[in-house]
file start17.cif (mmCIF, N, CA and C atoms)
data_target
loop_
_atom_site.label_atom_id
_atom_site.label_comp_id
_atom_site.auth_asym_id
_atom_site.auth_seq_id
_atom_site.Cartn_x
_atom_site.Cartn_y
_atom_site.Cartn_z
N MET A 1 -57.29 -77.66 33.02
CA MET A 1 -56.66 -77.22 31.79
C MET A 1 -57.68 -76.54 30.86
N GLY A 2 -58.86 -77.13 30.75
CA GLY A 2 -59.90 -76.55 29.91
C GLY A 2 -60.33 -75.19 30.40
N ARG A 3 -60.39 -75.04 31.73
CA ARG A 3 -60.78 -73.76 32.31
C ARG A 3 -59.73 -72.69 32.02
N TYR A 4 -58.48 -73.09 32.09
CA TYR A 4 -57.38 -72.17 31.79
C TYR A 4 -57.46 -71.69 30.34
N ILE A 5 -57.71 -72.61 29.43
CA ILE A 5 -57.81 -72.26 28.01
C ILE A 5 -58.99 -71.31 27.77
N LEU A 6 -60.13 -71.60 28.40
CA LEU A 6 -61.29 -70.71 28.26
C LEU A 6 -60.99 -69.31 28.80
N LYS A 7 -60.29 -69.27 29.93
CA LYS A 7 -59.92 -67.99 30.53
C LYS A 7 -59.00 -67.21 29.59
N ARG A 8 -58.03 -67.89 29.01
CA ARG A 8 -57.10 -67.24 28.09
C ARG A 8 -57.83 -66.77 26.82
N LEU A 9 -58.75 -67.58 26.31
CA LEU A 9 -59.53 -67.18 25.14
C LEU A 9 -60.38 -65.95 25.44
N PHE A 10 -60.99 -65.94 26.62
CA PHE A 10 -61.79 -64.78 27.03
C PHE A 10 -60.93 -63.52 27.08
N HIS A 11 -59.75 -63.65 27.68
CA HIS A 11 -58.84 -62.49 27.75
C HIS A 11 -58.39 -62.05 26.37
N ALA A 12 -58.14 -63.00 25.48
CA ALA A 12 -57.73 -62.66 24.11
C ALA A 12 -58.83 -61.89 23.40
N VAL A 13 -60.07 -62.35 23.54
CA VAL A 13 -61.20 -61.67 22.91
C VAL A 13 -61.37 -60.28 23.51
N LEU A 14 -61.22 -60.18 24.82
CA LEU A 14 -61.35 -58.88 25.48
C LEU A 14 -60.27 -57.90 25.00
N VAL A 15 -59.03 -58.36 24.95
CA VAL A 15 -57.93 -57.50 24.49
C VAL A 15 -58.15 -57.08 23.04
N MET A 16 -58.53 -58.02 22.18
CA MET A 16 -58.76 -57.69 20.77
C MET A 16 -59.92 -56.70 20.62
N SER A 17 -60.94 -56.84 21.44
CA SER A 17 -62.07 -55.91 21.39
C SER A 17 -61.64 -54.50 21.79
N VAL A 18 -60.88 -54.41 22.87
CA VAL A 18 -60.41 -53.10 23.33
C VAL A 18 -59.48 -52.47 22.29
N ILE A 19 -58.57 -53.26 21.75
CA ILE A 19 -57.65 -52.73 20.75
C ILE A 19 -58.39 -52.29 19.49
N SER A 20 -59.37 -53.08 19.05
CA SER A 20 -60.12 -52.69 17.85
C SER A 20 -60.88 -51.39 18.10
N PHE A 21 -61.41 -51.23 19.31
CA PHE A 21 -62.12 -49.99 19.62
C PHE A 21 -61.16 -48.80 19.63
N ILE A 22 -59.99 -48.98 20.24
CA ILE A 22 -59.00 -47.90 20.29
C ILE A 22 -58.56 -47.52 18.88
N VAL A 23 -58.26 -48.52 18.05
CA VAL A 23 -57.83 -48.25 16.68
C VAL A 23 -58.93 -47.51 15.91
N PHE A 24 -60.16 -47.99 16.04
CA PHE A 24 -61.25 -47.33 15.33
C PHE A 24 -61.46 -45.91 15.84
N PHE A 25 -61.39 -45.73 17.15
CA PHE A 25 -61.58 -44.41 17.73
C PHE A 25 -60.52 -43.43 17.22
N ILE A 26 -59.27 -43.89 17.16
CA ILE A 26 -58.19 -43.04 16.65
C ILE A 26 -58.43 -42.70 15.18
N MET A 27 -58.85 -43.70 14.39
CA MET A 27 -59.16 -43.43 12.98
C MET A 27 -60.31 -42.44 12.86
N TYR A 28 -61.30 -42.58 13.73
CA TYR A 28 -62.48 -41.73 13.69
C TYR A 28 -62.13 -40.28 14.05
N LYS A 29 -61.24 -40.12 15.04
CA LYS A 29 -60.89 -38.79 15.51
C LYS A 29 -59.75 -38.14 14.72
N ALA A 30 -59.09 -38.91 13.87
CA ALA A 30 -57.91 -38.39 13.15
C ALA A 30 -58.26 -37.29 12.16
N GLY A 31 -59.45 -37.25 11.72
CA GLY A 31 -59.84 -36.23 10.74
C GLY A 31 -60.73 -36.83 9.68
N ASP A 32 -61.18 -35.98 8.81
CA ASP A 32 -62.10 -36.39 7.76
C ASP A 32 -61.32 -36.82 6.52
N PRO A 33 -61.37 -38.12 6.17
CA PRO A 33 -60.64 -38.57 4.99
C PRO A 33 -61.19 -37.98 3.69
N VAL A 34 -62.41 -37.51 3.73
CA VAL A 34 -63.01 -36.91 2.53
C VAL A 34 -62.21 -35.67 2.11
N GLU A 35 -61.67 -34.95 3.10
CA GLU A 35 -60.86 -33.77 2.78
C GLU A 35 -59.60 -34.15 2.02
N LEU A 36 -59.09 -35.35 2.28
CA LEU A 36 -57.90 -35.81 1.57
C LEU A 36 -58.23 -36.38 0.19
N LEU A 37 -59.40 -36.97 0.07
CA LEU A 37 -59.77 -37.64 -1.17
C LEU A 37 -60.26 -36.69 -2.25
N LEU A 38 -60.93 -35.65 -1.83
CA LEU A 38 -61.49 -34.71 -2.80
C LEU A 38 -60.59 -33.49 -2.95
N PRO A 39 -60.62 -32.87 -4.10
CA PRO A 39 -59.82 -31.64 -4.28
C PRO A 39 -60.37 -30.52 -3.40
N PRO A 40 -59.55 -29.53 -3.09
CA PRO A 40 -60.00 -28.43 -2.22
C PRO A 40 -61.19 -27.65 -2.78
N ASP A 41 -61.37 -27.66 -4.09
CA ASP A 41 -62.47 -26.90 -4.68
C ASP A 41 -63.74 -27.75 -4.86
N ALA A 42 -63.84 -28.87 -4.16
CA ALA A 42 -65.02 -29.74 -4.28
C ALA A 42 -66.24 -29.03 -3.70
N THR A 43 -67.38 -29.28 -4.33
CA THR A 43 -68.62 -28.66 -3.86
C THR A 43 -69.12 -29.38 -2.62
N HIS A 44 -70.03 -28.72 -1.91
CA HIS A 44 -70.61 -29.31 -0.70
C HIS A 44 -71.34 -30.61 -1.05
N GLN A 45 -72.01 -30.63 -2.19
CA GLN A 45 -72.74 -31.83 -2.63
C GLN A 45 -71.78 -33.00 -2.84
N GLU A 46 -70.62 -32.75 -3.44
CA GLU A 46 -69.63 -33.81 -3.65
C GLU A 46 -69.10 -34.35 -2.32
N VAL A 47 -68.89 -33.45 -1.36
CA VAL A 47 -68.42 -33.87 -0.04
C VAL A 47 -69.47 -34.75 0.64
N VAL A 48 -70.73 -34.34 0.56
CA VAL A 48 -71.82 -35.12 1.17
C VAL A 48 -71.93 -36.49 0.50
N GLN A 49 -71.83 -36.53 -0.83
CA GLN A 49 -71.91 -37.80 -1.55
C GLN A 49 -70.75 -38.73 -1.17
N MET A 50 -69.56 -38.19 -1.06
CA MET A 50 -68.40 -39.01 -0.70
C MET A 50 -68.53 -39.53 0.73
N ARG A 51 -68.99 -38.70 1.64
CA ARG A 51 -69.20 -39.15 3.03
C ARG A 51 -70.24 -40.28 3.07
N HIS A 52 -71.28 -40.15 2.28
CA HIS A 52 -72.30 -41.19 2.22
C HIS A 52 -71.72 -42.47 1.62
N TYR A 53 -70.95 -42.34 0.54
CA TYR A 53 -70.34 -43.50 -0.12
C TYR A 53 -69.41 -44.26 0.83
N LEU A 54 -68.65 -43.51 1.64
CA LEU A 54 -67.72 -44.14 2.59
C LEU A 54 -68.39 -44.56 3.89
N GLY A 55 -69.64 -44.17 4.07
CA GLY A 55 -70.36 -44.53 5.29
C GLY A 55 -70.03 -43.64 6.47
N LEU A 56 -69.45 -42.49 6.19
CA LEU A 56 -69.05 -41.58 7.27
C LEU A 56 -70.20 -40.71 7.76
N ASP A 57 -71.35 -40.82 7.12
CA ASP A 57 -72.51 -40.05 7.56
C ASP A 57 -73.30 -40.79 8.63
N LYS A 58 -72.91 -42.02 8.93
CA LYS A 58 -73.60 -42.83 9.94
C LYS A 58 -73.05 -42.51 11.33
N PRO A 59 -73.83 -42.81 12.39
CA PRO A 59 -73.34 -42.57 13.75
C PRO A 59 -72.10 -43.41 14.07
N PHE A 60 -71.34 -42.97 15.08
CA PHE A 60 -70.10 -43.63 15.48
C PHE A 60 -70.32 -45.11 15.78
N THR A 61 -71.36 -45.43 16.53
CA THR A 61 -71.59 -46.83 16.92
C THR A 61 -71.90 -47.70 15.71
N THR A 62 -72.64 -47.17 14.76
CA THR A 62 -72.95 -47.93 13.54
C THR A 62 -71.69 -48.15 12.72
N GLN A 63 -70.88 -47.12 12.59
CA GLN A 63 -69.61 -47.26 11.86
C GLN A 63 -68.72 -48.31 12.53
N TYR A 64 -68.68 -48.30 13.87
CA TYR A 64 -67.84 -49.27 14.59
C TYR A 64 -68.37 -50.69 14.38
N ALA A 65 -69.68 -50.86 14.43
CA ALA A 65 -70.27 -52.19 14.23
C ALA A 65 -69.94 -52.71 12.83
N ILE A 66 -70.02 -51.85 11.83
CA ILE A 66 -69.68 -52.24 10.46
C ILE A 66 -68.19 -52.59 10.37
N PHE A 67 -67.36 -51.79 11.03
CA PHE A 67 -65.91 -52.02 11.06
C PHE A 67 -65.59 -53.40 11.64
N VAL A 68 -66.21 -53.74 12.77
CA VAL A 68 -65.96 -55.03 13.43
C VAL A 68 -66.47 -56.17 12.55
N LYS A 69 -67.68 -56.02 12.00
CA LYS A 69 -68.25 -57.07 11.14
C LYS A 69 -67.34 -57.34 9.94
N ASN A 70 -66.88 -56.29 9.30
CA ASN A 70 -66.00 -56.46 8.14
C ASN A 70 -64.65 -57.04 8.55
N ALA A 71 -64.11 -56.60 9.67
CA ALA A 71 -62.82 -57.12 10.13
C ALA A 71 -62.91 -58.61 10.44
N LEU A 72 -64.02 -59.04 11.01
CA LEU A 72 -64.20 -60.47 11.30
C LEU A 72 -64.28 -61.30 10.02
N LYS A 73 -64.70 -60.67 8.93
CA LYS A 73 -64.75 -61.35 7.64
C LYS A 73 -63.43 -61.25 6.88
N GLY A 74 -62.46 -60.52 7.45
CA GLY A 74 -61.17 -60.36 6.78
C GLY A 74 -61.08 -59.14 5.88
N ASP A 75 -62.13 -58.34 5.87
CA ASP A 75 -62.15 -57.12 5.05
C ASP A 75 -61.75 -55.95 5.93
N ILE A 76 -60.52 -55.48 5.78
CA ILE A 76 -60.07 -54.37 6.63
C ILE A 76 -60.21 -53.02 5.93
N GLY A 77 -60.97 -52.99 4.87
CA GLY A 77 -61.28 -51.73 4.21
C GLY A 77 -60.37 -51.42 3.04
N ASN A 78 -60.57 -50.24 2.51
CA ASN A 78 -59.79 -49.76 1.36
C ASN A 78 -58.79 -48.72 1.83
N SER A 79 -57.67 -48.67 1.15
CA SER A 79 -56.67 -47.65 1.40
C SER A 79 -57.15 -46.35 0.77
N TYR A 80 -57.15 -45.29 1.55
CA TYR A 80 -57.54 -43.99 1.01
C TYR A 80 -56.48 -43.48 0.05
N ILE A 81 -55.25 -43.86 0.27
CA ILE A 81 -54.15 -43.36 -0.56
C ILE A 81 -54.08 -44.10 -1.89
N TYR A 82 -54.12 -45.44 -1.83
CA TYR A 82 -53.95 -46.24 -3.05
C TYR A 82 -55.28 -46.56 -3.74
N GLY A 83 -56.38 -46.41 -3.03
CA GLY A 83 -57.68 -46.66 -3.63
C GLY A 83 -57.95 -48.12 -3.95
N GLN A 84 -57.35 -49.02 -3.22
CA GLN A 84 -57.57 -50.45 -3.41
C GLN A 84 -57.68 -51.10 -2.04
N PRO A 85 -58.18 -52.35 -1.99
CA PRO A 85 -58.33 -53.01 -0.69
C PRO A 85 -57.01 -53.08 0.08
N ALA A 86 -57.07 -52.76 1.37
CA ALA A 86 -55.87 -52.75 2.21
C ALA A 86 -55.24 -54.14 2.30
N VAL A 87 -56.06 -55.18 2.26
CA VAL A 87 -55.54 -56.55 2.31
C VAL A 87 -54.62 -56.81 1.12
N ASP A 88 -55.00 -56.32 -0.05
CA ASP A 88 -54.16 -56.51 -1.24
C ASP A 88 -52.81 -55.83 -1.07
N ILE A 89 -52.81 -54.65 -0.48
CA ILE A 89 -51.55 -53.93 -0.26
C ILE A 89 -50.67 -54.68 0.73
N VAL A 90 -51.28 -55.18 1.80
CA VAL A 90 -50.52 -55.94 2.81
C VAL A 90 -49.96 -57.21 2.19
N LEU A 91 -50.79 -57.94 1.45
CA LEU A 91 -50.34 -59.19 0.84
C LEU A 91 -49.26 -58.95 -0.22
N GLU A 92 -49.32 -57.82 -0.90
CA GLU A 92 -48.32 -57.49 -1.90
C GLU A 92 -46.94 -57.30 -1.26
N ARG A 93 -46.92 -56.75 -0.07
CA ARG A 93 -45.66 -56.49 0.62
C ARG A 93 -45.27 -57.58 1.60
N PHE A 94 -46.11 -58.58 1.77
CA PHE A 94 -45.86 -59.64 2.74
C PHE A 94 -44.59 -60.45 2.45
N PRO A 95 -44.31 -60.82 1.19
CA PRO A 95 -43.07 -61.59 0.95
C PRO A 95 -41.80 -60.86 1.40
N ALA A 96 -41.72 -59.57 1.16
CA ALA A 96 -40.54 -58.82 1.60
C ALA A 96 -40.47 -58.76 3.12
N THR A 97 -41.61 -58.61 3.76
CA THR A 97 -41.65 -58.59 5.22
C THR A 97 -41.22 -59.94 5.78
N LEU A 98 -41.71 -61.01 5.19
CA LEU A 98 -41.33 -62.35 5.62
C LEU A 98 -39.84 -62.59 5.43
N GLU A 99 -39.30 -62.13 4.32
CA GLU A 99 -37.87 -62.27 4.05
C GLU A 99 -37.04 -61.55 5.12
N LEU A 100 -37.44 -60.33 5.45
CA LEU A 100 -36.72 -59.59 6.49
C LEU A 100 -36.83 -60.27 7.85
N ALA A 101 -38.01 -60.78 8.17
CA ALA A 101 -38.20 -61.45 9.46
C ALA A 101 -37.35 -62.71 9.57
N PHE A 102 -37.35 -63.52 8.52
CA PHE A 102 -36.54 -64.75 8.55
C PHE A 102 -35.05 -64.45 8.59
N LEU A 103 -34.64 -63.43 7.88
CA LEU A 103 -33.23 -63.05 7.88
C LEU A 103 -32.81 -62.58 9.28
N ALA A 104 -33.64 -61.77 9.91
CA ALA A 104 -33.35 -61.30 11.27
C ALA A 104 -33.32 -62.47 12.24
N MET A 105 -34.27 -63.40 12.10
CA MET A 105 -34.30 -64.57 12.98
C MET A 105 -33.07 -65.44 12.76
N PHE A 106 -32.68 -65.61 11.51
CA PHE A 106 -31.50 -66.41 11.18
C PHE A 106 -30.25 -65.84 11.86
N PHE A 107 -30.05 -64.53 11.70
CA PHE A 107 -28.87 -63.92 12.32
C PHE A 107 -28.94 -63.94 13.84
N SER A 108 -30.14 -63.80 14.39
CA SER A 108 -30.29 -63.86 15.84
C SER A 108 -29.89 -65.23 16.36
N ILE A 109 -30.28 -66.28 15.67
CA ILE A 109 -29.94 -67.64 16.10
C ILE A 109 -28.46 -67.92 15.88
N ILE A 110 -27.97 -67.59 14.70
CA ILE A 110 -26.57 -67.87 14.36
C ILE A 110 -25.61 -67.12 15.29
N LEU A 111 -25.93 -65.89 15.63
CA LEU A 111 -25.06 -65.12 16.51
C LEU A 111 -25.42 -65.29 17.99
N GLY A 112 -26.70 -65.36 18.28
CA GLY A 112 -27.15 -65.37 19.67
C GLY A 112 -26.78 -66.61 20.45
N ILE A 113 -26.94 -67.79 19.86
CA ILE A 113 -26.65 -69.03 20.59
C ILE A 113 -25.16 -69.14 20.92
N PRO A 114 -24.27 -68.99 19.95
CA PRO A 114 -22.85 -69.07 20.32
C PRO A 114 -22.42 -67.99 21.32
N MET A 115 -22.93 -66.78 21.15
CA MET A 115 -22.56 -65.72 22.09
C MET A 115 -23.12 -66.00 23.48
N GLY A 116 -24.31 -66.57 23.56
CA GLY A 116 -24.88 -66.95 24.85
C GLY A 116 -24.07 -68.03 25.53
N VAL A 117 -23.62 -69.00 24.75
CA VAL A 117 -22.78 -70.07 25.30
C VAL A 117 -21.46 -69.49 25.81
N ILE A 118 -20.84 -68.63 25.02
CA ILE A 118 -19.58 -68.00 25.43
C ILE A 118 -19.78 -67.20 26.72
N ALA A 119 -20.87 -66.45 26.79
CA ALA A 119 -21.13 -65.63 27.97
C ALA A 119 -21.41 -66.48 29.20
N SER A 120 -21.98 -67.66 29.02
CA SER A 120 -22.30 -68.50 30.18
C SER A 120 -21.12 -69.34 30.64
N VAL A 121 -20.19 -69.66 29.74
CA VAL A 121 -19.05 -70.50 30.12
C VAL A 121 -18.10 -69.73 31.04
N LYS A 122 -17.81 -68.49 30.71
CA LYS A 122 -16.92 -67.67 31.53
C LYS A 122 -17.64 -66.36 31.87
N PRO A 123 -18.53 -66.39 32.85
CA PRO A 123 -19.38 -65.23 33.12
C PRO A 123 -18.65 -63.98 33.61
N LYS A 124 -17.45 -64.12 34.13
CA LYS A 124 -16.72 -62.96 34.66
C LYS A 124 -15.71 -62.37 33.68
N SER A 125 -15.56 -62.97 32.52
CA SER A 125 -14.54 -62.50 31.57
C SER A 125 -14.98 -61.21 30.89
N ILE A 126 -14.01 -60.51 30.34
CA ILE A 126 -14.28 -59.27 29.61
C ILE A 126 -15.17 -59.54 28.40
N LEU A 127 -14.90 -60.63 27.69
CA LEU A 127 -15.71 -60.99 26.52
C LEU A 127 -17.16 -61.23 26.92
N SER A 128 -17.35 -61.96 28.01
CA SER A 128 -18.70 -62.25 28.49
C SER A 128 -19.42 -60.97 28.88
N ARG A 129 -18.74 -60.12 29.59
CA ARG A 129 -19.36 -58.85 30.01
C ARG A 129 -19.67 -57.96 28.80
N SER A 130 -18.80 -58.00 27.81
CA SER A 130 -19.06 -57.23 26.59
C SER A 130 -20.29 -57.76 25.86
N ILE A 131 -20.37 -59.07 25.76
CA ILE A 131 -21.54 -59.69 25.12
C ILE A 131 -22.81 -59.30 25.86
N MET A 132 -22.79 -59.39 27.19
CA MET A 132 -23.96 -59.03 27.99
C MET A 132 -24.31 -57.55 27.82
N PHE A 133 -23.30 -56.70 27.81
CA PHE A 133 -23.53 -55.27 27.66
C PHE A 133 -24.22 -54.96 26.33
N PHE A 134 -23.66 -55.49 25.24
CA PHE A 134 -24.23 -55.20 23.92
C PHE A 134 -25.58 -55.88 23.73
N SER A 135 -25.79 -57.02 24.36
CA SER A 135 -27.10 -57.68 24.30
C SER A 135 -28.15 -56.82 24.99
N LEU A 136 -27.84 -56.36 26.19
CA LEU A 136 -28.79 -55.51 26.92
C LEU A 136 -29.00 -54.18 26.21
N ALA A 137 -27.94 -53.63 25.65
CA ALA A 137 -28.08 -52.37 24.91
C ALA A 137 -28.98 -52.58 23.69
N GLY A 138 -28.78 -53.69 23.00
CA GLY A 138 -29.59 -53.99 21.82
C GLY A 138 -31.06 -54.18 22.15
N ILE A 139 -31.32 -54.80 23.29
CA ILE A 139 -32.71 -55.01 23.72
C ILE A 139 -33.33 -53.69 24.18
N SER A 140 -32.53 -52.83 24.80
CA SER A 140 -33.04 -51.58 25.38
C SER A 140 -33.33 -50.51 24.34
N ILE A 141 -32.62 -50.52 23.24
CA ILE A 141 -32.81 -49.50 22.21
C ILE A 141 -34.14 -49.74 21.50
N PRO A 142 -34.95 -48.68 21.33
CA PRO A 142 -36.23 -48.86 20.63
C PRO A 142 -36.03 -49.42 19.22
N VAL A 143 -36.98 -50.22 18.78
CA VAL A 143 -36.88 -50.90 17.50
C VAL A 143 -36.74 -49.91 16.35
N PHE A 144 -37.49 -48.81 16.40
CA PHE A 144 -37.41 -47.85 15.30
C PHE A 144 -36.02 -47.23 15.22
N TRP A 145 -35.34 -47.08 16.35
CA TRP A 145 -33.99 -46.52 16.36
C TRP A 145 -33.00 -47.53 15.80
N THR A 146 -33.17 -48.80 16.18
CA THR A 146 -32.31 -49.86 15.67
C THR A 146 -32.45 -49.98 14.16
N GLY A 147 -33.66 -49.81 13.66
CA GLY A 147 -33.92 -49.93 12.23
C GLY A 147 -33.25 -48.85 11.40
N MET A 148 -32.99 -47.71 12.03
CA MET A 148 -32.34 -46.63 11.28
C MET A 148 -30.87 -46.95 11.16
#
call {"tool": "encode", "arguments": {"input": "start17.cif", "output": "structure tokens"}}
result
Amino acid sequence: MGRYILKRLFHAVLVMSVISFIVFFIMYKAGDPVELLLPPDATHQEVVQMRHYLGLDKPFTTQYAIFVKNALKGDIGNSYIYGQPAVDIVLERFPATLELAFLAMFFSIILGIPMGVIASVKPKSILSRSIMFFSLAGISIPVFWTGM
């Protein structure tokens, strides 16, 4: 059992490392945030100062190491759009997200269990087949489409 847990922990760390690298790489390649932060008529000196302030003048590996170190401390950086810590923005919207998640879970349980029982009691009935059809359709539709 202990070996299994260690193996799972190793895989979790490996997956998180790969995902953090992919996320950072995409952020790194997405473009220069300094172009978004400064007005178009900014001088070269202002651009250089802003890149230095944000740490964008450092090599890729150094930036990634700083990113990982800060993420492990819970500091996921500042929002370029809002100009405040990203954690504050996430925490500000967390109650609404939690409310939506619990509401969705509530309806899933309230509707899902009785419909599952109905579908299992008479598996060949039209009602059962309809329940199965709409359940599979609901699972198959992408989440972003369902949300619209």
call {"tool": "closest_residue", "arguments": {"input": "start17.cif", "among": "A:Glu92, A:Val15, A:Ile66, A:Met115", "to": "Ser128 in chain A", "atoms": "only N, CA and C atoms"}}
result
A:Met115
call {"tool": "atom_distance", "arguments": {"input": "start17.cif", "atom1": "atom N of Val117 in chain A", "atom2": "CA of Ile131 in chain A"}}
result
9.5 Å
call {"tool": "closest_residue", "arguments": {"input": "start17.cif", "among": "A:Leu136, A:Val18, A:Val90, A:Ile109", "to": "Asn78 in chain A", "atoms": "only C-alpha atoms"}}
result
A:Val90
call {"tool": "residues_around", "arguments": {"input": "start17.cif", "residues": "range 69-74 of chain A", "least_positions_apart": "5", "cutoff": "8 Å", "atoms": "all atoms listed in the file", "output": "PyMOL selection string"}}
result
chain A and resi 63-64+87
call {"tool": "closest_residue", "arguments": {"input": "start17.cif", "among": "A:Met27, A:Ile76, A:Ala104, A:Ile89", "to": "Leu56 in chain A", "atoms": "only C-alpha atoms"}}
result
A:Met27
call {"tool": "atom_distance", "arguments": {"input": "start17.cif", "atom1": "atom N of Lys29 in chain A", "atom2": "atom C of Tyr82 in chain A"}}
result
20.7 Å
call {"tool": "atom_distance", "arguments": {"input": "start17.cif", "atom1": "atom C of Leu98 in chain A", "atom2": "atom N of Ala119 in chain A"}}
result
28.8 Å
call {"tool": "select_by_dssp", "arguments": {"input": "start17.cif", "residues": "chain A", "states": "helix (DSSP H, G or I)", "output": "ChimeraX atom specification"}}
result
/A:2-29,33-37,44-54,60-72,86-121,126-140,143-147
call {"tool": "closest_residue", "arguments": {"input": "start17.cif", "among": "A:Pro40, A:Gly55, A:Gly112, A:Gly138", "to": "Tyr28 in chain A", "atoms": "only C-alpha atoms"}}
result
A:Gly55
call {"tool": "residues_around", "arguments": {"input": "start17.cif", "residues": "Ile118 in chain A", "least_positions_apart": "4", "cutoff": "7 Å", "atoms": "all atoms listed in the file", "output": "list in words"}}
result
Ile113, Pro114, Lys122, Pro123, Leu127 and Ser128 of chain A
